[in-house]
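target.csv follows (CSV, C-alpha atoms and all ligand atoms):
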```
chain,number,residue,atom,x,y,z
O,1,MET,CA,-22.1,-26.1,11.4
O,2,ILE,CA,-22.2,-24.9,7.8
O,3,THR,CA,-20.9,-27.3,5.2
O,4,GLU,CA,-19.0,-26.8,2.0
O,5,GLU,CA,-22.1,-27.9,0.1
O,6,GLN,CA,-24.2,-25.2,1.9
O,7,VAL,CA,-21.6,-22.7,1.0
O,8,LEU,CA,-21.7,-23.5,-2.7
O,9,LYS,CA,-25.5,-23.6,-2.6
O,10,ALA,CA,-25.6,-20.1,-1.0
O,11,LEU,CA,-23.2,-18.8,-3.7
O,12,GLU,CA,-25.4,-20.1,-6.6
O,13,ASP,CA,-27.3,-16.9,-6.8
O,14,VAL,CA,-24.3,-14.6,-6.5
O,15,GLN,CA,-23.0,-13.2,-9.7
O,16,ASP,CA,-19.7,-11.7,-10.8
O,17,PRO,CA,-20.8,-8.0,-10.9
O,18,HIS,CA,-18.8,-7.4,-14.1
O,19,LEU,CA,-19.9,-10.4,-16.1
O,20,HIS,CA,-23.4,-10.8,-14.6
O,21,THR,CA,-22.8,-14.5,-14.5
O,22,SER,CA,-23.0,-16.8,-11.5
O,23,LEU,CA,-19.7,-17.3,-9.7
O,24,ILE,CA,-20.3,-21.0,-9.7
O,25,GLU,CA,-20.8,-21.1,-13.5
O,26,LEU,CA,-17.7,-19.0,-14.0
O,27,GLY,CA,-15.7,-21.5,-11.9
O,28,SER,CA,-14.8,-18.6,-9.6
O,29,VAL,CA,-14.6,-20.5,-6.4
O,30,LYS,CA,-11.0,-21.6,-6.1
O,31,GLU,CA,-10.9,-22.7,-2.5
O,32,VAL,CA,-13.3,-23.3,0.3
O,33,LYS,CA,-12.1,-23.8,3.9
O,34,ILE,CA,-14.3,-24.1,6.9
O,35,LYS,CA,-13.0,-24.1,10.4
O,36,ASN,CA,-15.1,-23.5,13.6
O,37,GLY,CA,-17.7,-21.5,11.7
O,38,LEU,CA,-15.2,-19.4,9.8
O,39,VAL,CA,-15.7,-19.8,6.0
O,40,SER,CA,-12.6,-18.8,4.0
O,41,LEU,CA,-13.0,-18.5,0.3
O,42,LYS,CA,-10.6,-17.8,-2.6
O,43,LEU,CA,-12.5,-16.4,-5.5
O,44,ALA,CA,-11.4,-15.4,-9.0
O,45,ILE,CA,-13.4,-12.4,-10.4
O,46,ALA,CA,-13.3,-10.2,-13.5
O,47,GLN,CA,-12.3,-7.0,-11.8
O,48,PRO,CA,-10.5,-7.4,-8.4
O,49,GLY,CA,-9.6,-4.3,-6.5
O,50,THR,CA,-12.7,-2.3,-7.7
O,51,ALA,CA,-15.9,-0.9,-6.4
O,52,GLU,CA,-17.5,-4.0,-7.9
O,53,GLN,CA,-15.4,-6.2,-5.7
O,54,MET,CA,-16.3,-4.2,-2.6
O,55,GLN,CA,-20.0,-4.7,-3.3
O,56,LEU,CA,-19.5,-8.3,-4.0
O,57,GLN,CA,-17.6,-8.7,-0.7
O,58,GLN,CA,-20.6,-7.4,1.2
O,59,GLU,CA,-23.1,-9.6,-0.7
O,60,ILE,CA,-21.1,-12.7,-0.1
O,61,VAL,CA,-20.6,-12.0,3.6
O,62,SER,CA,-24.3,-11.5,3.9
O,63,VAL,CA,-25.4,-14.6,2.1
O,64,LEU,CA,-22.9,-16.8,3.9
O,65,LYS,CA,-23.9,-15.5,7.3
O,66,THR,CA,-27.5,-16.1,6.4
O,67,ALA,CA,-26.6,-19.6,5.5
O,68,GLY,CA,-25.0,-20.1,8.9
O,69,ALA,CA,-21.4,-18.9,8.7
O,70,ASP,CA,-20.1,-17.2,11.9
O,71,SER,CA,-17.5,-15.2,10.0
O,72,VAL,CA,-16.2,-15.0,6.5
O,73,GLY,CA,-12.7,-14.5,5.1
O,74,LEU,CA,-12.4,-13.6,1.4
O,75,ARG,CA,-9.5,-13.4,-1.0
O,76,PHE,CA,-9.8,-12.4,-4.5
O,77,GLU,CA,-7.8,-13.0,-7.6
O,78,GLN,CA,-8.0,-12.3,-11.3
O,79,LEU,CA,-10.3,-14.5,-13.4
O,80,PRO,CA,-8.3,-15.7,-16.4
O,81,ASP,CA,-8.6,-13.6,-19.5
O,82,ASP,CA,-10.1,-16.4,-21.6
O,83,VAL,CA,-13.0,-16.8,-19.1
O,84,VAL,CA,-13.6,-13.1,-19.0
O,85,ALA,CA,-13.6,-13.0,-22.8
O,86,LYS,CA,-15.9,-15.9,-23.1
O,87,PHE,CA,-18.5,-14.4,-20.8
O,88,GLY,CA,-18.1,-11.0,-22.4
O,89,GLY,CA,-16.7,-8.3,-20.2
O,90,GLU,CA,-18.2,-4.9,-21.1
O,91,GLU,CA,-16.1,-2.4,-23.0
O,92,GLU,CA,-13.9,-0.3,-20.9
O,93,GLU,CA,-15.4,3.2,-20.3
O,94,GLU,CA,-13.3,6.2,-21.2
O,95,SER,CA,-10.3,6.4,-19.0
O,96,ARG,CA,-10.3,8.7,-16.0
O,97,SER,CA,-7.2,7.1,-14.8
O,98,LEU,CA,-4.8,9.0,-12.6
O,99,LEU,CA,-2.1,7.6,-14.9
O,100,ASP,CA,-3.5,9.4,-17.9
O,101,ARG,CA,-4.1,12.8,-16.4
O,102,GLY,CA,-0.9,14.3,-17.7
O,103,ASP,CA,2.0,15.4,-15.6
O,104,LYS,CA,0.1,17.0,-12.7
O,105,THR,CA,0.8,14.1,-10.3
O,106,THR,CA,4.2,13.2,-9.1
O,107,PHE,CA,4.4,9.5,-8.2
O,108,ILE,CA,6.8,8.5,-5.5
O,109,SER,CA,7.5,4.9,-4.7
O,110,VAL,CA,8.9,4.2,-1.3
O,111,THR,CA,10.9,1.0,-1.3
O,112,SER,CA,13.4,-0.9,0.8
O,113,GLY,CA,15.6,-3.9,0.4
O,114,LYS,CA,14.1,-5.7,3.3
O,115,GLY,CA,11.2,-5.5,5.7
O,116,GLY,CA,11.0,-3.8,9.1
O,117,VAL,CA,13.3,-0.8,8.3
O,118,GLY,CA,10.4,1.7,8.6
O,119,LYS,CA,9.3,2.0,4.9
O,120,SER,CA,5.6,2.3,5.8
O,121,THR,CA,6.4,4.7,8.7
O,122,VAL,CA,8.4,6.9,6.3
O,123,SER,CA,5.6,6.7,3.6
O,124,VAL,CA,2.8,7.8,5.9
O,125,ASN,CA,4.8,10.6,7.5
O,126,LEU,CA,6.1,11.9,4.2
O,127,ALA,CA,2.5,11.9,2.9
O,128,VAL,CA,1.2,13.8,5.9
O,129,SER,CA,4.1,16.2,5.8
O,130,LEU,CA,3.6,17.0,2.2
O,131,ALA,CA,-0.1,17.7,3.0
O,132,ARG,CA,1.0,20.0,5.8
O,133,GLN,CA,2.9,21.9,3.1
O,134,GLY,CA,-0.4,22.5,1.3
O,135,LYS,CA,0.0,19.8,-1.3
O,136,LYS,CA,-2.8,17.5,-2.4
O,137,VAL,CA,-1.5,14.0,-1.5
O,138,GLY,CA,-2.7,10.4,-1.9
O,139,ILE,CA,-1.1,7.2,-0.6
O,140,ILE,CA,-1.6,3.7,-1.9
O,141,ASP,CA,-0.7,1.0,0.6
O,142,ALA,CA,0.5,-1.8,-1.7
O,143,ASP,CA,2.7,-3.5,0.8
O,144,ILE,CA,1.1,-6.9,0.4
O,145,TYR,CA,3.2,-8.5,3.2
O,146,GLY,CA,1.3,-6.4,5.7
O,147,PHE,CA,-1.1,-3.6,5.0
O,148,SER,CA,-0.1,-1.3,7.8
O,149,VAL,CA,-1.0,2.1,6.6
O,150,PRO,CA,-4.6,2.3,7.9
O,151,ASP,CA,-3.5,1.2,11.4
O,152,MET,CA,-0.6,3.5,11.4
O,153,MET,CA,-2.7,6.5,10.5
O,154,GLY,CA,-5.5,5.4,12.8
O,155,ILE,CA,-8.1,4.6,10.1
O,156,ASP,CA,-10.9,2.4,11.0
O,157,THR,CA,-13.3,3.1,8.2
O,158,ARG,CA,-13.4,1.8,4.7
O,159,PRO,CA,-13.7,3.7,1.4
O,160,ARG,CA,-17.1,5.0,0.4
O,161,VAL,CA,-18.4,3.2,-2.7
O,162,GLU,CA,-20.9,4.9,-5.0
O,163,GLY,CA,-21.8,3.0,-8.1
O,164,GLU,CA,-18.6,2.2,-9.9
O,165,ARG,CA,-16.5,4.6,-8.0
O,166,ILE,CA,-14.4,4.2,-4.9
O,167,PHE,CA,-13.7,7.3,-2.7
O,168,PRO,CA,-10.5,7.1,-0.7
O,169,VAL,CA,-10.6,7.5,3.0
O,170,GLU,CA,-9.2,11.0,4.0
O,171,ARG,CA,-7.0,11.3,7.1
O,172,PHE,CA,-4.7,14.2,8.0
O,173,GLY,CA,-5.5,15.7,4.6
O,174,VAL,CA,-4.2,12.6,2.8
O,175,GLN,CA,-6.3,10.4,0.6
O,176,VAL,CA,-5.7,6.8,1.5
O,177,ILE,CA,-6.3,3.5,-0.3
O,178,SER,CA,-5.0,0.3,1.1
O,179,MET,CA,-4.9,-3.2,-0.3
O,180,GLY,CA,-6.1,-4.1,3.2
O,181,PHE,CA,-9.5,-2.5,2.3
O,182,PHE,CA,-10.0,-5.2,-0.3
O,183,VAL,CA,-9.6,-8.3,1.9
O,184,GLU,CA,-12.1,-9.5,4.4
O,185,ASP,CA,-9.7,-10.8,6.9
O,186,ASN,CA,-6.2,-10.2,8.1
O,187,SER,CA,-4.7,-13.5,7.0
O,188,PRO,CA,-1.5,-13.2,5.0
O,189,ILE,CA,-2.0,-13.4,1.3
O,190,ILE,CA,0.1,-14.9,-1.3
O,191,TRP,CA,0.0,-12.4,-4.2
O,192,ARG,CA,1.5,-12.9,-7.5
O,193,GLY,CA,3.0,-10.1,-9.5
O,194,PRO,CA,0.2,-9.9,-12.2
O,195,MET,CA,-2.5,-9.9,-9.6
O,196,LEU,CA,-0.9,-7.1,-7.7
O,197,GLY,CA,-0.3,-5.2,-10.9
O,198,LYS,CA,-4.0,-5.6,-11.8
O,199,MET,CA,-5.1,-4.3,-8.4
O,200,LEU,CA,-2.8,-1.3,-8.7
O,201,THR,CA,-4.0,-0.5,-12.1
O,202,ASN,CA,-7.6,-0.6,-10.8
O,203,PHE,CA,-6.6,1.7,-8.0
O,204,PHE,CA,-5.4,4.2,-10.5
O,205,ASN,CA,-8.4,3.8,-12.8
O,206,GLU,CA,-11.4,3.4,-10.4
O,207,VAL,CA,-10.5,5.4,-7.4
O,208,GLU,CA,-12.0,8.9,-7.3
O,209,TRP,CA,-8.7,10.7,-6.4
O,210,ASP,CA,-8.6,14.5,-6.3
O,211,ASP,CA,-6.2,16.1,-8.7
O,212,LEU,CA,-3.2,15.0,-6.7
O,213,ASP,CA,0.1,16.8,-6.6
O,214,TYR,CA,1.7,13.7,-5.1
O,215,LEU,CA,0.8,10.0,-5.0
O,216,ILE,CA,3.0,8.0,-2.5
O,217,LEU,CA,3.2,4.3,-3.1
O,218,ASP,CA,4.2,2.1,-0.2
O,219,LEU,CA,5.5,-0.9,-2.1
O,220,PRO,CA,6.4,-4.3,-0.9
O,221,PRO,CA,10.0,-4.6,0.3
O,222,GLY,CA,12.5,-6.6,-1.7
O,223,THR,CA,14.0,-7.1,-5.0
O,224,GLY,CA,12.0,-10.0,-6.3
O,225,ASP,CA,9.8,-10.5,-9.3
O,226,VAL,CA,6.8,-8.9,-7.7
O,227,ALA,CA,8.7,-5.8,-7.0
O,228,LEU,CA,10.1,-5.7,-10.5
O,229,ASP,CA,6.6,-6.1,-12.0
O,230,ILE,CA,5.4,-3.1,-10.1
O,231,HIS,CA,8.4,-1.0,-10.8
O,232,SER,CA,8.0,-1.7,-14.5
O,233,MET,CA,4.3,-0.8,-14.3
O,234,LEU,CA,5.0,2.7,-13.1
O,235,PRO,CA,7.3,4.2,-15.7
O,236,GLN,CA,6.8,7.7,-14.4
O,237,SER,CA,7.5,7.0,-10.7
O,238,LYS,CA,10.3,8.5,-8.8
O,239,GLU,CA,11.8,6.5,-5.9
O,240,ILE,CA,12.8,7.0,-2.3
O,241,ILE,CA,14.8,4.1,-0.8
O,242,VAL,CA,14.6,3.5,3.0
O,243,THR,CA,17.4,1.8,4.9
O,244,THR,CA,18.7,1.6,8.4
O,245,PRO,CA,22.3,2.7,9.0
O,246,HIS,CA,23.4,-0.9,9.3
O,247,ALA,CA,25.9,-2.0,6.6
O,248,THR,CA,23.9,-5.1,5.7
O,249,ALA,CA,20.6,-3.3,5.4
O,250,ALA,CA,22.3,-0.7,3.1
O,251,PHE,CA,23.8,-3.5,1.0
O,252,VAL,CA,20.3,-5.1,0.6
O,253,ALA,CA,18.8,-1.7,-0.1
O,254,ALA,CA,21.4,-1.2,-2.9
O,255,ARG,CA,19.8,-4.1,-4.8
O,256,ALA,CA,16.4,-2.3,-4.5
O,257,GLY,CA,18.1,0.8,-5.8
O,258,ALA,CA,19.7,-1.2,-8.6
O,259,MET,CA,16.2,-2.2,-9.7
O,260,ALA,CA,15.1,1.4,-9.7
O,261,ILE,CA,17.9,2.2,-12.1
O,262,LYS,CA,17.1,-0.9,-14.2
O,263,THR,CA,13.6,0.3,-14.6
O,264,GLN,CA,14.9,3.8,-15.2
O,265,HIS,CA,13.2,5.4,-12.3
O,266,GLU,CA,14.8,8.6,-10.9
O,267,ILE,CA,16.0,8.1,-7.3
O,268,LEU,CA,14.9,11.1,-5.3
O,269,GLY,CA,17.1,10.1,-2.4
O,270,VAL,CA,17.8,7.8,0.5
O,271,VAL,CA,16.1,8.0,3.8
O,272,GLU,CA,18.2,6.6,6.7
O,273,ASN,CA,15.7,5.6,9.3
O,274,MET,CA,16.5,4.6,12.9
O,275,ALA,CA,19.7,6.5,12.3
O,276,TYR,CA,20.6,7.2,15.9
O,277,PHE,CA,19.1,7.6,19.4
O,278,GLU,CA,19.4,11.1,20.9
O,279,SER,CA,19.6,11.3,24.7
O,280,LYS,CA,16.9,13.8,26.0
O,281,THR,CA,19.1,14.8,28.9
O,282,THR,CA,22.6,15.2,27.2
O,283,GLY,CA,21.6,15.5,23.6
O,284,GLU,CA,24.3,13.0,22.8
O,285,LYS,CA,23.7,10.7,19.8
O,286,GLU,CA,24.1,7.0,20.1
O,287,TYR,CA,24.4,5.1,16.9
O,288,VAL,CA,22.4,2.0,18.0
O,289,PHE,CA,22.2,0.3,14.6
O,290,GLY,CA,25.6,1.4,13.2
O,291,LYS,CA,26.5,4.4,11.2
O,292,GLY,CA,27.0,5.5,7.7
O,293,GLY,CA,24.7,3.0,5.8
O,294,GLY,CA,22.5,5.7,4.3
O,295,GLN,CA,25.5,7.7,3.1
O,296,LYS,CA,27.2,4.6,1.6
O,297,LEU,CA,24.0,3.6,-0.2
O,298,ALA,CA,23.4,7.1,-1.5
O,299,GLU,CA,26.9,7.2,-2.9
O,300,GLU,CA,26.5,3.8,-4.5
O,301,LEU,CA,23.3,4.9,-6.2
O,302,LYS,CA,24.8,8.3,-7.1
O,303,SER,CA,22.1,9.9,-5.1
O,304,GLU,CA,21.9,11.8,-1.8
O,305,VAL,CA,20.6,11.3,1.7
O,306,LEU,CA,17.3,13.0,2.0
O,307,ALA,CA,17.0,12.7,5.7
O,308,GLN,CA,18.3,10.9,8.8
O,309,VAL,CA,15.4,10.0,11.0
O,310,PRO,CA,16.3,9.1,14.6
O,311,LEU,CA,14.7,6.5,16.8
O,312,GLY,CA,11.7,7.9,18.6
O,313,GLN,CA,7.9,7.3,19.1
O,314,PRO,CA,5.2,9.8,18.3
O,315,VAL,CA,3.3,11.3,21.2
O,316,ILE,CA,0.0,9.5,21.3
O,317,ASP,CA,-3.1,11.6,21.2
O,318,GLU,CA,-5.9,9.4,22.7
O,319,ASP,CA,-8.6,11.6,21.1
O,320,ASP,CA,-7.1,11.4,17.6
O,321,PHE,CA,-5.3,8.1,17.6
O,322,ALA,CA,-2.7,7.6,14.9
O,323,PRO,CA,0.1,5.5,16.4
O,324,SER,CA,2.7,6.2,13.8
O,325,ILE,CA,2.2,9.8,12.8
O,326,TYR,CA,4.6,12.4,14.3
O,327,ALA,CA,3.0,15.7,15.2
O,328,GLU,CA,4.3,18.8,13.3
O,329,ASP,CA,6.1,20.1,16.4
O,330,HIS,CA,7.7,16.7,17.4
O,331,GLN,CA,11.4,16.6,16.8
O,332,ILE,CA,10.9,13.8,14.3
O,333,GLY,CA,7.9,15.6,12.8
O,334,LYS,CA,10.2,18.5,12.0
O,335,ILE,CA,12.6,16.2,10.3
O,336,TYR,CA,9.7,14.9,8.1
O,337,THR,CA,8.7,18.5,7.3
O,338,GLU,CA,12.2,19.2,6.1
O,339,MET,CA,12.1,15.9,4.1
O,340,ALA,CA,8.8,17.0,2.5
O,341,GLN,CA,10.3,20.4,1.6
O,342,GLU,CA,13.3,18.8,0.1
O,343,VAL,CA,11.0,16.4,-1.9
O,344,ILE,CA,9.0,19.4,-3.2
O,345,LYS,CA,12.2,21.2,-4.2
O,346,ARG,CA,13.6,18.1,-6.0
O,347,THR,CA,10.3,17.5,-7.9
O,348,THR,CA,9.4,21.0,-8.9
O,349,GLU,CA,12.8,22.4,-10.0
Q,401,LIG,N1,12.4,6.1,13.6
Q,401,LIG,C1,11.7,5.1,14.3
Q,401,LIG,N2,11.8,5.1,15.6
Q,401,LIG,C2,11.2,4.1,16.3
Q,401,LIG,N3,10.4,3.1,15.8
Q,401,LIG,C3,10.3,3.1,14.4
Q,401,LIG,C4,10.9,4.1,13.6
Q,401,LIG,N4,10.6,3.8,12.3
Q,401,LIG,C5,9.9,2.7,12.3
Q,401,LIG,N5,9.7,2.3,13.6
Q,401,LIG,C6,8.9,1.1,14.0
Q,401,LIG,O1,9.5,0.0,13.4
Q,401,LIG,C7,8.5,-1.0,13.0
Q,401,LIG,C8,8.6,-1.3,11.5
Q,401,LIG,O2,8.3,-0.1,10.8
Q,401,LIG,P1,7.5,-0.2,9.4
Q,401,LIG,O3,6.3,-1.1,9.6
Q,401,LIG,O4,7.3,1.2,9.0
Q,401,LIG,O5,8.6,-0.9,8.6
Q,401,LIG,P2,8.5,-1.5,7.1
Q,401,LIG,O6,9.8,-1.4,6.5
Q,401,LIG,O7,7.3,-0.9,6.4
Q,401,LIG,O8,8.2,-3.0,7.4
Q,401,LIG,P3,7.3,-4.0,6.5
Q,401,LIG,O9,7.8,-3.9,5.1
Q,401,LIG,O10,7.7,-5.3,7.2
Q,401,LIG,O11,5.9,-3.6,6.7
Q,401,LIG,C9,7.2,-0.4,13.4
Q,401,LIG,O12,6.8,-0.9,14.6
Q,401,LIG,C10,7.5,1.1,13.5
Q,401,LIG,O13,6.6,1.8,14.4
```
Will you turn the file into structure tokens for me?
Amino acid sequence: MITEEQVLKALEDVQDPHLHTSLIELGSVKEVKIKNGLVSLKLAIAQPGTAEQMQLQQEIVSVLKTAGADSVGLRFEQLPDDVVAKFGGEEEEESRSLLDRGDKTTFISVTSGKGGVGKSTVSVNLAVSLARQGKKVGIIDADIYGFSVPDMMGIDTRPRVEGERIFPVERFGVQVISMGFFVEDNSPIIWRGPMLGKMLTNFFNEVEWDDLDYLILDLPPGTGDVALDIHSMLPQSKEIIVTTPHATAAFVAARAGAMAIKTQHEILGVVENMAYFESKTTGEKEYVFGKGGGQKLAEELKSEVLAQVPLGQPVIDEDDFAPSIYAEDHQIGKIYTEMAQEVIKRTTE
């Protein structure tokens, strides 16, 4: 079985693509774990979340497999600034950042107070519905506690990398970038705010987005430091807050809303998800998770309820598998269409 020594030996010739210096010399290797042929590494590099990282990922997987690893798990973090300065990072090229392209793109952050309320489901369906309305739409899956967007949309490819540029994966007319494309395995990752911020900045700067009308950001749930960092990073972002109708959920979501207000983000509205269950036979509505949470939250935030989305599963199309996308003619798909139209109205008037 491959040993730690062999791993480090194999990495001797691998360089940080930005600094053109060996990872070993840079002190990039922060952690090596070997278990049953699986080699897990934590590496600090100059430019995480970029095309350079994607190429490096492939190179490392290849050299470690040649050295005898059965599988490879990689996590990346930011190399400290002093190390980058010492080994001389190149000057930044002229910015083509989405953040600097004027007012053409409306950024919409989708947040929630807690996990599991359907934030990612709302994000992907809003994105697809905006695209169905003829808008150019991108989505960034930045929910570090679970990168669910690719699975939800039925994406099994990774972005194309050409030189320094990353081309998002396109699905249902939406350009998609997920943090999940930048980790080699599915293990949960402990991200710190600055690292996440850096990754996001790189997504704006290095991803070859079309001229987007809307960029949807599926942010991590919660009201902690990480969330605050990201909110502060995106001064121009507007927000949609997702809650369930349950009073407690709405109460927690209110804290997420309070943060939006603190960071001076305009709140576009509240989405009450899993609002009710509608009987197919009688049409009667059952308020399974309580009632009124969305309205109460909206009042508290001096905003409005954008939509109430009932419980219900998409119809699965085996030929075009996307487990969480509601078709345009699905009852819930129609609610998302109305939501998208309302968002367009609120962002263009
Ligand atoms: N309206 C709905 N009806 C039925 N199931 C739903 C609905 N909305 C979401 N779900 C399901 O609930 C689960 C949680 O949804 P989702 O992953 O979107 O939540 P989340 O808030 O993004 O969670 P996390 O932050 O933990 O990733 C998923 O299995 C999703 O398919």
Straight-line distance linking atom CA of O:Ser279 with atom P2 of ligand LIG 401 (chain Q), stated in Å to one decimal: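 Computed distance, atom CA of O:Ser279 to atom P2 of ligand LIG 401 (chain Q), equals 24.4 Å.
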Of the listed residues O:Ser129, O:Thr157, O:Thr243, O:Gln57, that which approaches ligand LIG 401 (chain Q) most closely, counting only C-alpha atoms and all ligand atoms: O:Thr243
Selected residue of minimal separation from O:Lys135 among O:Thr282, O:Thr106, O:Asn36, O:Gln6, counting all atoms listed in the file: O:Thr106
Within 10 Å of ligand LIG 401 (chain Q) (all atoms listed in the file), residues as a VMD selection string: chain O and resid 110 to 125 143 to 149 152 218 to 222 242 to 244 272 to 277 308 to 314 323 to 325 332
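Put simply, atom CA of O:Gly290 is 17.9 Å away from atom CA of O:Ile241.
Shortest separation to O:Glu239 among O:Lys291, O:Lys280, O:Arg346, O:Lys65 occurs at residue O:Arg346, atoms counted being all atoms listed in the file.
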Distance of atom CA of O:His231 from atom CA of O:His265, expressed in Å to one decimal place: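 Distance between the two atoms: 8.1 Å.
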Env of O:Leu64: 10 Å cut, atoms = only C-alpha atoms, seq-sep filter 2 positions within chain, self excluded. Answer as a PDB file with C-alpha atoms, keeping the file's coordinate frame.
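This went into result-v6.pdb:
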```pdb
ATOM      1  CA  ILE O   2     -22.200 -24.900   7.800  1.00  0.00           C
ATOM      2  CA  GLN O   6     -24.200 -25.200   1.900  1.00  0.00           C
ATOM      3  CA  VAL O   7     -21.600 -22.700   1.000  1.00  0.00           C
ATOM      4  CA  LEU O   8     -21.700 -23.500  -2.700  1.00  0.00           C
ATOM      5  CA  LYS O   9     -25.500 -23.600  -2.600  1.00  0.00           C
ATOM      6  CA  ALA O  10     -25.600 -20.100  -1.000  1.00  0.00           C
ATOM      7  CA  LEU O  11     -23.200 -18.800  -3.700  1.00  0.00           C
ATOM      8  CA  VAL O  39     -15.700 -19.800   6.000  1.00  0.00           C
ATOM      9  CA  GLU O  59     -23.100  -9.600  -0.700  1.00  0.00           C
ATOM     10  CA  ILE O  60     -21.100 -12.700  -0.100  1.00  0.00           C
ATOM     11  CA  VAL O  61     -20.600 -12.000   3.600  1.00  0.00           C
ATOM     12  CA  SER O  62     -24.300 -11.500   3.900  1.00  0.00           C
ATOM     13  CA  THR O  66     -27.500 -16.100   6.400  1.00  0.00           C
ATOM     14  CA  ALA O  67     -26.600 -19.600   5.500  1.00  0.00           C
ATOM     15  CA  GLY O  68     -25.000 -20.100   8.900  1.00  0.00           C
ATOM     16  CA  ALA O  69     -21.400 -18.900   8.700  1.00  0.00           C
ATOM     17  CA  ASP O  70     -20.100 -17.200  11.900  1.00  0.00           C
ATOM     18  CA  SER O  71     -17.500 -15.200  10.000  1.00  0.00           C
ATOM     19  CA  VAL O  72     -16.200 -15.000   6.500  1.00  0.00           C
TER      20      VAL O  72
END
```
Using only C-alpha atoms: which of O:Thr248, O:Gln175, O:Gln133, O:Ser303 has the shortest distance to O:Gln341: O:Gln133
7 Å contact set for O:Ile166, all atoms listed in the file, chain neighbours under 4 positions out, as an MDAnalysis selection string: chainID O and resid 51 159:162 206:208
Can you fill out stretch 198-211 of chain O with N, CA and C atoms and hand it back as an mmCIF file, keeping the file's coordinate frame?
```
data_model
loop_
_atom_site.group_PDB
_atom_site.id
_atom_site.type_symbol
_atom_site.label_atom_id
_atom_site.label_comp_id
_atom_site.auth_asym_id
_atom_site.auth_seq_id
_atom_site.Cartn_x
_atom_site.Cartn_y
_atom_site.Cartn_z
ATOM 1 N N LYS O 198 -2.587 -5.796 -11.397
ATOM 2 C CA LYS O 198 -4.000 -5.600 -11.800
ATOM 3 C C LYS O 198 -4.693 -4.716 -10.714
ATOM 4 N N MET O 199 -4.450 -5.080 -9.464
ATOM 5 C CA MET O 199 -5.100 -4.300 -8.400
ATOM 6 C C MET O 199 -4.609 -2.867 -8.421
ATOM 7 N N LEU O 200 -3.307 -2.687 -8.622
ATOM 8 C CA LEU O 200 -2.800 -1.300 -8.700
ATOM 9 C C LEU O 200 -3.388 -0.534 -9.810
ATOM 10 N N THR O 201 -3.462 -1.174 -10.966
ATOM 11 C CA THR O 201 -4.000 -0.500 -12.100
ATOM 12 C C THR O 201 -5.476 -0.073 -11.795
ATOM 13 N N ASN O 202 -6.220 -0.961 -11.151
ATOM 14 C CA ASN O 202 -7.600 -0.600 -10.800
ATOM 15 C C ASN O 202 -7.638 0.550 -9.806
ATOM 16 N N PHE O 203 -6.660 0.597 -8.912
ATOM 17 C CA PHE O 203 -6.600 1.700 -8.000
ATOM 18 C C PHE O 203 -6.431 3.043 -8.722
ATOM 19 N N PHE O 204 -5.619 3.018 -9.769
ATOM 20 C CA PHE O 204 -5.400 4.200 -10.500
ATOM 21 C C PHE O 204 -6.680 4.592 -11.325
ATOM 22 N N ASN O 205 -7.333 3.549 -11.846
ATOM 23 C CA ASN O 205 -8.400 3.800 -12.800
ATOM 24 C C ASN O 205 -9.772 4.047 -12.073
ATOM 25 N N GLU O 206 -10.023 3.379 -10.981
ATOM 26 C CA GLU O 206 -11.400 3.400 -10.400
ATOM 27 C C GLU O 206 -11.533 4.179 -9.155
ATOM 28 N N VAL O 207 -10.417 4.614 -8.613
ATOM 29 C CA VAL O 207 -10.500 5.400 -7.400
ATOM 30 C C VAL O 207 -10.689 6.856 -7.734
ATOM 31 N N GLU O 208 -11.616 7.478 -7.043
ATOM 32 C CA GLU O 208 -12.000 8.900 -7.300
ATOM 33 C C GLU O 208 -10.967 9.782 -6.566
ATOM 34 N N TRP O 209 -9.742 9.841 -7.074
ATOM 35 C CA TRP O 209 -8.700 10.700 -6.400
ATOM 36 C C TRP O 209 -9.020 12.153 -6.807
ATOM 37 N N ASP O 210 -8.679 13.048 -5.914
ATOM 38 C CA ASP O 210 -8.600 14.500 -6.300
ATOM 39 C C ASP O 210 -7.531 14.643 -7.306
ATOM 40 N N ASP O 211 -7.421 15.835 -7.852
ATOM 41 C CA ASP O 211 -6.200 16.100 -8.700
ATOM 42 C C ASP O 211 -5.044 16.181 -7.754
#
```
